[in-house]
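What follows is a set of notes on a single structure, which appears directly below.
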Amino acid sequence: MQWLDEFKTALVSEDLSKIDELTNNYPSSMNLEEMKCAAALIQDATNLFKQKQEKLDIEFQKIKKAKQYNI
């Protein structure tokens with residue numbers, strides 16, 4: 001299925017905007033195996049978003065600390 005292939009590609013390339021787009025345009029008909037695969041991919045995408053958020057939080061804290069020293 002094309003949607004699954006696109007999702008896999010977006011996940012491997014860590015293309016967050018494409019993942020978001022694909023998640024919002026979920027196909028209306030899938031067989032059971034495709035649904036299981038989609039569920040696993042969505043879980044992986046969720047983990048990727050969480051990792052990116054944690055990295056951003058760390059960078060934000062670094063910026064806040066650096067800004068304090070520049071005052």
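Note on naming: chains are A, B, ... as they come in the structure tokens, residues start from 1 per chain, ligands start from 1 in the order shown.
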
Residues at most 10 Å from stretch 33-48 of chain A, counting only C-alpha atoms, excluding those fewer than 2 positions away in the same chain, as a PDB file with C-alpha atoms, in the first residue's frame?
ATOM      1  CA  MET A   1       0.000   0.000   0.000  1.00  0.00           C
ATOM      2  CA  TRP A   3       0.418   5.101   2.315  1.00  0.00           C
ATOM      3  CA  LEU A   4       2.455   2.591   4.320  1.00  0.00           C
ATOM      4  CA  PHE A   7       4.981   6.555   6.044  1.00  0.00           C
ATOM      5  CA  LYS A   8       7.983   4.224   6.273  1.00  0.00           C
ATOM      6  CA  ALA A  10       9.034   9.601   6.199  1.00  0.00           C
ATOM      7  CA  LEU A  11       9.871   7.745   9.391  1.00  0.00           C
ATOM      8  CA  VAL A  12      13.304   6.636   8.189  1.00  0.00           C
ATOM      9  CA  GLU A  14      12.647  11.638  10.179  1.00  0.00           C
ATOM     10  CA  ASP A  15      10.447  13.953   8.102  1.00  0.00           C
ATOM     11  CA  LEU A  16       8.134  15.135  10.875  1.00  0.00           C
ATOM     12  CA  ILE A  19       4.569  12.059   9.147  1.00  0.00           C
ATOM     13  CA  ASP A  20       2.064  14.605  10.430  1.00  0.00           C
ATOM     14  CA  THR A  23      -1.230  10.720   9.993  1.00  0.00           C
ATOM     15  CA  TYR A  26      -5.071   8.054   7.129  1.00  0.00           C
ATOM     16  CA  PRO A  27      -6.492   5.694   4.460  1.00  0.00           C
ATOM     17  CA  SER A  29      -9.663   0.999   3.995  1.00  0.00           C
ATOM     18  CA  MET A  30      -6.906  -1.374   5.076  1.00  0.00           C
ATOM     19  CA  ASN A  31      -6.732  -5.065   5.688  1.00  0.00           C
ATOM     20  CA  LYS A  50       9.028  12.366  21.862  1.00  0.00           C
ATOM     21  CA  GLN A  51      12.781  12.084  21.209  1.00  0.00           C
ATOM     22  CA  LYS A  52      12.764  15.278  19.154  1.00  0.00           C
ATOM     23  CA  GLN A  53      10.801  17.059  21.885  1.00  0.00           C
ATOM     24  CA  GLU A  54      13.282  15.963  24.544  1.00  0.00           C
TER      25      GLU A  54
END

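One finds atom CA of A:Glu6 at 17.3 Å from atom CA of A:Phe49.
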
Can you check which residues of chain A DSSP gives as helix (DSSP H, G or I) on the backbone and send them as JSON, numbers by chain?
{"A": [2, 3, 4, 5, 6, 7, 8, 9, 10, 11, 12, 16, 17, 18, 19, 20, 21, 22, 23, 24, 32, 33, 34, 35, 36, 37, 38, 39, 40, 41, 42, 43, 44, 45, 46, 47, 48, 49, 50, 51, 52, 53, 54, 55, 56, 57, 58, 59, 60, 61, 62, 63, 64, 65, 66, 67, 68, 69]}
